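Structure file work_18.txt with compact mmCIF, C-alpha atoms:
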# COMPACT_ATOMS: atom_id res chain seq x y z
CA MET H 1092 -27.05 72.43 -104.75
CA LYS H 1093 -30.48 72.55 -106.36
CA VAL H 1094 -33.43 73.99 -104.41
CA ALA H 1095 -36.96 73.90 -105.82
CA SER H 1096 -40.49 74.94 -104.94
CA PHE H 1097 -43.58 73.10 -106.16
CA ASN H 1098 -47.25 73.64 -105.33
CA VAL H 1099 -48.50 70.10 -105.90
CA ASN H 1100 -52.22 70.85 -105.41
CA SER H 1101 -52.88 67.64 -103.41
CA LEU H 1102 -50.20 65.07 -102.67
CA LYS H 1103 -52.75 62.27 -102.85
CA ALA H 1104 -53.68 63.22 -106.40
CA ARG H 1105 -50.15 64.06 -107.63
CA LEU H 1106 -47.88 61.65 -105.74
CA GLY H 1107 -46.98 59.69 -108.85
CA ASN H 1108 -46.19 62.85 -110.79
CA LEU H 1109 -44.14 64.22 -107.89
CA LYS H 1110 -42.09 61.04 -107.55
CA ASP H 1111 -41.40 60.96 -111.30
CA TRP H 1112 -40.26 64.58 -111.21
CA LEU H 1113 -38.03 64.00 -108.17
CA ARG H 1114 -36.32 61.11 -109.94
CA GLU H 1115 -35.81 63.12 -113.12
CA ALA H 1116 -34.96 66.60 -111.79
CA LYS H 1117 -32.98 65.36 -108.77
CA PRO H 1118 -33.37 68.47 -106.60
CA ASP H 1119 -31.47 68.48 -103.30
CA VAL H 1120 -34.15 70.42 -101.42
CA VAL H 1121 -37.83 70.80 -102.34
CA CYS H 1122 -40.45 73.01 -100.73
CA LEU H 1123 -43.98 71.73 -101.33
CA GLN H 1124 -47.24 73.61 -100.94
CA GLU H 1125 -50.91 72.62 -100.93
CA THR H 1126 -50.18 69.07 -99.82
CA LYS H 1127 -53.80 68.94 -98.58
CA CYS H 1128 -53.18 66.15 -96.08
CA THR H 1129 -52.76 65.76 -92.34
CA ASP H 1130 -49.42 64.87 -90.81
CA GLU H 1131 -50.78 61.38 -90.17
CA THR H 1132 -51.60 60.77 -93.84
CA PHE H 1133 -48.47 62.33 -95.35
CA PRO H 1134 -46.84 59.71 -97.64
CA ARG H 1135 -43.54 59.88 -95.82
CA GLY H 1136 -42.32 56.44 -96.83
CA ASP H 1137 -42.77 57.09 -100.54
CA ILE H 1138 -40.60 60.20 -100.31
CA GLU H 1139 -37.98 58.72 -98.00
CA ASP H 1140 -37.58 55.79 -100.39
CA LEU H 1141 -36.26 58.32 -102.93
CA GLY H 1142 -33.50 59.41 -100.55
CA TYR H 1143 -35.10 62.45 -98.91
CA ASN H 1144 -35.45 63.50 -95.31
CA VAL H 1145 -38.94 64.90 -94.80
CA VAL H 1146 -40.63 67.42 -92.52
CA PHE H 1147 -44.22 68.53 -92.95
CA HIS H 1148 -46.97 70.69 -91.49
CA GLY H 1149 -50.43 69.75 -92.65
CA GLN H 1150 -54.14 69.93 -92.12
CA LYS H 1151 -57.12 68.08 -93.55
CA THR H 1152 -58.30 69.01 -97.06
CA TYR H 1153 -56.65 72.45 -97.23
CA ASN H 1154 -53.23 74.09 -97.33
CA GLY H 1155 -50.28 72.01 -96.08
CA VAL H 1156 -46.54 72.57 -96.59
CA ALA H 1157 -43.51 70.28 -96.54
CA ILE H 1158 -39.74 70.34 -97.02
CA LEU H 1159 -37.79 67.46 -98.58
CA SER H 1160 -34.01 67.36 -98.28
CA LYS H 1161 -31.23 65.00 -99.29
CA HIS H 1162 -29.18 66.68 -96.56
CA PRO H 1163 -29.80 66.37 -92.80
CA ILE H 1164 -32.57 68.58 -91.42
CA ASP H 1165 -31.34 69.94 -88.09
CA GLU H 1166 -34.45 71.84 -87.06
CA ALA H 1167 -38.03 72.27 -88.29
CA ILE H 1168 -40.31 75.09 -87.18
CA PRO H 1169 -43.97 74.95 -88.23
CA GLY H 1170 -46.20 78.00 -88.37
CA LEU H 1171 -45.59 81.67 -89.07
CA PRO H 1172 -45.15 83.73 -85.88
CA GLY H 1173 -47.38 86.66 -85.08
CA ASP H 1174 -50.86 85.16 -84.64
CA ASP H 1175 -51.33 82.28 -82.18
CA GLY H 1176 -54.92 81.86 -83.36
CA ASP H 1177 -53.98 81.15 -86.98
CA GLU H 1178 -54.27 77.39 -87.48
CA HIS H 1179 -53.71 77.37 -91.24
CA ALA H 1180 -50.79 75.14 -92.25
CA ARG H 1181 -49.11 77.68 -94.54
CA TYR H 1182 -45.54 78.01 -93.30
CA LEU H 1183 -42.72 75.61 -92.47
CA GLU H 1184 -39.11 76.57 -91.81
CA ALA H 1185 -36.12 74.24 -91.65
CA VAL H 1186 -32.39 74.47 -90.98
CA ILE H 1187 -30.50 72.16 -93.30
CA SER H 1188 -26.89 71.03 -92.94
CA VAL H 1189 -24.77 71.65 -96.01
CA ASP H 1190 -21.04 71.35 -96.63
CA GLY H 1191 -19.33 74.04 -94.64
CA GLY H 1192 -22.34 75.25 -92.70
CA ALA H 1193 -26.10 75.51 -92.76
CA MET H 1194 -28.87 77.06 -94.82
CA ARG H 1195 -32.36 78.01 -93.76
CA VAL H 1196 -35.33 77.31 -96.02
CA ALA H 1197 -39.01 78.16 -95.64
CA SER H 1198 -41.90 76.64 -97.56
CA ILE H 1199 -44.61 79.28 -97.95
CA TYR H 1200 -48.22 79.04 -99.08
CA LEU H 1201 -49.42 82.61 -98.87
CA PRO H 1202 -53.19 83.20 -98.68
CA ASN H 1203 -55.03 83.75 -101.95
CA GLY H 1204 -57.07 86.67 -100.60
CA ASN H 1205 -60.06 86.54 -102.92
CA PRO H 1206 -62.51 88.12 -103.08
CA ILE H 1207 -61.07 91.55 -102.41
CA GLY H 1208 -63.01 93.70 -99.98
CA THR H 1209 -63.59 90.75 -97.65
CA GLU H 1210 -61.90 89.36 -94.55
CA LYS H 1211 -59.99 86.96 -96.83
CA PHE H 1212 -58.13 89.86 -98.41
CA SER H 1213 -57.50 91.43 -95.01
CA TYR H 1214 -56.10 88.08 -93.83
CA LYS H 1215 -53.77 87.95 -96.84
CA LEU H 1216 -52.36 91.40 -96.12
CA ALA H 1217 -52.01 90.70 -92.40
CA TRP H 1218 -50.25 87.42 -93.19
CA MET H 1219 -47.83 89.29 -95.43
CA ASP H 1220 -47.13 91.75 -92.61
CA ARG H 1221 -46.30 88.80 -90.34
CA LEU H 1222 -44.01 87.35 -93.02
CA ILE H 1223 -42.22 90.67 -93.41
CA ALA H 1224 -41.73 90.93 -89.64
CA HIS H 1225 -40.41 87.37 -89.38
CA ALA H 1226 -38.16 87.73 -92.43
CA THR H 1227 -36.68 90.86 -90.85
CA GLU H 1228 -35.65 88.77 -87.84
CA LEU H 1229 -34.32 85.89 -89.97
CA LEU H 1230 -32.04 88.22 -91.92
CA LYS H 1231 -30.22 89.03 -88.68
CA TYR H 1232 -28.74 85.51 -88.71
CA GLU H 1233 -26.74 86.51 -91.80
CA GLU H 1234 -26.96 83.01 -93.28
CA PRO H 1235 -28.10 81.61 -96.63
CA LEU H 1236 -31.90 81.89 -96.46
CA ILE H 1237 -34.44 80.92 -99.11
CA LEU H 1238 -38.09 81.88 -98.76
CA ALA H 1239 -39.67 79.52 -101.30
CA GLY H 1240 -43.25 79.00 -102.26
CA ASP H 1241 -46.55 80.02 -103.73
CA TYR H 1242 -46.88 83.68 -102.82
CA ASN H 1243 -50.17 84.23 -104.64
CA VAL H 1244 -48.75 87.55 -105.83
CA ILE H 1245 -48.12 88.61 -109.43
CA PRO H 1246 -45.24 91.05 -108.93
CA MET H 1247 -45.36 92.95 -112.23
CA PRO H 1248 -47.62 93.29 -115.29
CA GLU H 1249 -45.13 91.28 -117.35
CA ASP H 1250 -45.65 88.37 -114.95
CA CYS H 1251 -49.12 87.65 -116.33
CA PHE H 1252 -50.57 87.06 -119.77
CA ASP H 1253 -53.08 89.93 -119.54
CA PRO H 1254 -52.86 92.51 -116.73
CA LYS H 1255 -56.39 93.79 -117.38
CA ALA H 1256 -57.79 90.31 -116.79
CA TRP H 1257 -56.30 90.36 -113.27
CA GLU H 1258 -57.23 93.91 -112.21
CA GLY H 1259 -59.97 92.72 -109.87
CA ASP H 1260 -58.04 89.80 -108.41
CA ALA H 1261 -56.32 89.76 -105.01
CA LEU H 1262 -53.14 88.38 -106.59
CA PHE H 1263 -52.63 91.60 -108.58
CA GLN H 1264 -53.95 94.28 -106.24
CA PRO H 1265 -51.69 97.26 -105.55
CA GLU H 1266 -51.72 96.40 -101.83
CA SER H 1267 -50.56 92.81 -102.45
CA ARG H 1268 -47.82 93.89 -104.83
CA ALA H 1269 -46.69 96.67 -102.50
CA LYS H 1270 -46.23 94.25 -99.61
CA PHE H 1271 -44.30 91.87 -101.89
CA ARG H 1272 -41.99 94.79 -102.78
CA GLU H 1273 -41.69 95.63 -99.08
CA LEU H 1274 -40.47 92.09 -98.47
CA LEU H 1275 -37.97 92.34 -101.33
CA ASN H 1276 -36.78 95.71 -100.08
CA LEU H 1277 -35.62 94.13 -96.82
CA GLY H 1278 -32.71 92.85 -98.91
CA PHE H 1279 -34.12 89.79 -100.68
CA THR H 1280 -33.44 88.88 -104.30
CA ASP H 1281 -36.07 87.40 -106.62
CA ALA H 1282 -33.97 84.48 -107.91
CA PHE H 1283 -35.85 84.17 -111.19
CA ARG H 1284 -35.58 87.86 -112.05
CA ALA H 1285 -31.89 87.82 -111.11
CA CYS H 1286 -31.38 85.30 -113.92
CA HIS H 1287 -34.11 86.27 -116.42
CA THR H 1288 -35.34 89.59 -117.76
CA GLU H 1289 -37.75 88.27 -120.40
CA PRO H 1290 -41.48 88.81 -119.79
CA HIS H 1291 -44.29 86.27 -119.77
CA ARG H 1292 -42.66 83.35 -117.97
CA TYR H 1293 -45.19 81.63 -115.74
CA THR H 1294 -45.49 79.09 -112.92
CA PHE H 1295 -49.29 78.70 -112.86
CA TRP H 1296 -51.95 78.04 -115.50
CA ASP H 1297 -55.61 77.66 -114.55
CA TYR H 1298 -57.33 74.41 -115.46
CA GLN H 1299 -60.14 76.36 -117.17
CA ALA H 1300 -60.53 77.94 -120.62
CA GLY H 1301 -57.53 76.30 -122.23
CA CYS H 1302 -55.08 78.39 -120.22
CA TRP H 1303 -52.27 75.83 -120.42
CA PRO H 1304 -52.25 75.20 -124.21
CA LYS H 1305 -52.74 78.94 -124.84
CA ASP H 1306 -49.96 79.81 -122.33
CA LYS H 1307 -52.27 82.11 -120.39
CA GLY H 1308 -50.37 81.90 -117.14
CA ILE H 1309 -49.06 83.92 -114.21
CA ARG H 1310 -45.81 83.91 -112.21
CA ILE H 1311 -46.74 83.54 -108.55
CA ASP H 1312 -44.24 80.94 -107.28
CA HIS H 1313 -41.04 82.62 -106.12
CA LEU H 1314 -37.66 81.91 -104.57
CA LEU H 1315 -36.57 84.91 -102.50
CA LEU H 1316 -32.95 84.91 -101.39
CA SER H 1317 -31.10 86.57 -98.54
CA PRO H 1318 -27.87 88.35 -99.58
CA GLN H 1319 -25.85 85.34 -98.44
CA ALA H 1320 -27.91 83.01 -100.65
CA ALA H 1321 -27.98 85.45 -103.58
CA ASP H 1322 -24.18 85.59 -103.53
CA LYS H 1323 -24.15 81.82 -104.17
CA LEU H 1324 -26.84 81.79 -106.90
CA LYS H 1325 -25.71 80.15 -110.13
CA ALA H 1326 -28.95 79.59 -112.07
CA CYS H 1327 -32.73 79.70 -111.76
CA ASP H 1328 -35.50 78.57 -114.07
CA ILE H 1329 -39.08 77.33 -114.33
CA ASP H 1330 -39.61 73.68 -115.23
CA LYS H 1331 -42.76 73.66 -117.36
CA GLU H 1332 -42.67 69.95 -118.18
CA PRO H 1333 -44.67 68.66 -115.16
CA ARG H 1334 -47.61 70.96 -116.05
CA GLY H 1335 -48.04 69.09 -119.33
CA ARG H 1336 -48.38 65.65 -117.75
CA GLU H 1337 -51.59 63.74 -117.21
CA LYS H 1338 -53.58 64.99 -114.20
CA PRO H 1339 -51.03 67.70 -113.35
CA SER H 1340 -50.98 70.34 -110.67
CA ASP H 1341 -51.99 73.75 -111.97
CA HIS H 1342 -48.54 74.93 -110.83
CA THR H 1343 -45.13 73.81 -112.06
CA PRO H 1344 -41.79 73.75 -110.22
CA ILE H 1345 -39.34 76.63 -110.02
CA TRP H 1346 -35.74 75.80 -109.12
CA ALA H 1347 -32.42 77.47 -108.41
CA GLU H 1348 -28.85 76.20 -108.20
CA PHE H 1349 -26.35 77.44 -105.62
CA ASP H 1350 -22.64 77.02 -105.12
CA LEU H 1351 -22.67 76.10 -101.45
Write the structure described by the file as structure tokens, please.
Amino acid sequence: MKVASFNVNSLKARLGNLKDWLREAKPDVVCLQETKCTDETFPRGDIEDLGYNVVFHGQKTYNGVAILSKHPIDEAIPGLPGDDGDEHARYLEAVISVDGGAMRVASIYLPNGNPIGTEKFSYKLAWMDRLIAHATELLKYEEPLILAGDYNVIPMPEDCFDPKAWEGDALFQPESRAKFRELLNLGFTDAFRACHTEPHRYTFWDYQAGCWPKDKGIRIDHLLLSPQAADKLKACDIDKEPRGREKPSDHTPIWAEFDL
């Protein structure tokens, strides 16, 4: 079973690229971020025509998350618990039927947090606290669980092309990285790092300053696995090819294969 995460940076702008990638990569489950569309304008038919069940949680212009699955989706839960006043569409959780049981998947678009020293950075850290609290509860189900998405966190210096260039950015602040480690320390496995030890593998390249051709990227899209999912992990990698297409997202997919 192949599970992927892809920040598409606007479904309207990247729908053709997404459909091409779905046909070629053939993932079983895909978590999308930054769909940037309301539920009413989500291109459900285009995705269903490719054989996927679809659930989504969107808002106009900003954010937006979705989960696509070739397997039945038994339950979909939009929104991260812990703040009833938070209307940002950044979290969607689904229970998916697989052979012999079920797996739980969440599509996550964690706040960027820039600039530091503002309420945006405070919101990022508070959102991470809510995610840690919710993940703690989810682990009690003792089921295969994948927290997939754009975390807007660079975990380690080797996950960016130049650590000094990111010292003043919310994605690389000690507080952001510490909360990411706190999440991992609950018992989650970083799927990519479980399969790869080499430095300088990236999932995001800015549109500016020739970052893509110069490979000046960062690794901020992650698949975090519960122990039950980690036990089934067979492979994980970053698919750079979509980033090189015409009018691409600034992110590229990350995927993992499981023996479920």
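Here the question is which of H:Asp1253, H:Glu1273, H:Asp1165, H:Asp1119 gets nearest to H:Phe1349 using all atoms listed in the file, and that residue is H:Asp1119.
Nearest to H:Gly1208 of all the residues H:Asp1174, H:Asp1281, H:Asp1260, H:Glu1139 is H:Asp1260, counting only C-alpha atoms.
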Smallest atom-to-atom distance to H:Pro1235: which of H:Phe1133, H:Phe1279, H:Phe1097, H:Trp1303, using all atoms listed in the file?
H:Phe1279
Polymer residues at most 8 Å from H:Ser1198, only C-alpha atoms, same-chain spacing of 2 or more positions, as a PyMOL selection string:
chain H and resi 1096+1122-1124+1156-1158+1181-1184+1196+1200+1238-1240
Surrounding residues of H:Gly1192 excluding itself and chain neighbours under 6 positions, 12 Å, all atoms listed in the file, as a PyMOL selection string
chain H and resi 1162-1163+1165+1186+1234-1235+1351
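Here atom CA of H:Ile1311 and atom CA of H:Asp1341 stand 11.6 Å from one another.
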Residues within 10 Å of stretch 1226-1232 of chain H, please, as a list of chain:residue names. Count all atoms listed in the file; anything in the same chain fewer than 4 positions from it doesn't count.
H:Arg1195, H:Asp1220, H:Arg1221, H:Leu1222, H:Leu1236, H:Leu1238, H:Leu1274, H:Leu1277, H:Gly1278, H:Phe1279, H:Ser1317, H:Pro1318, H:Gln1319
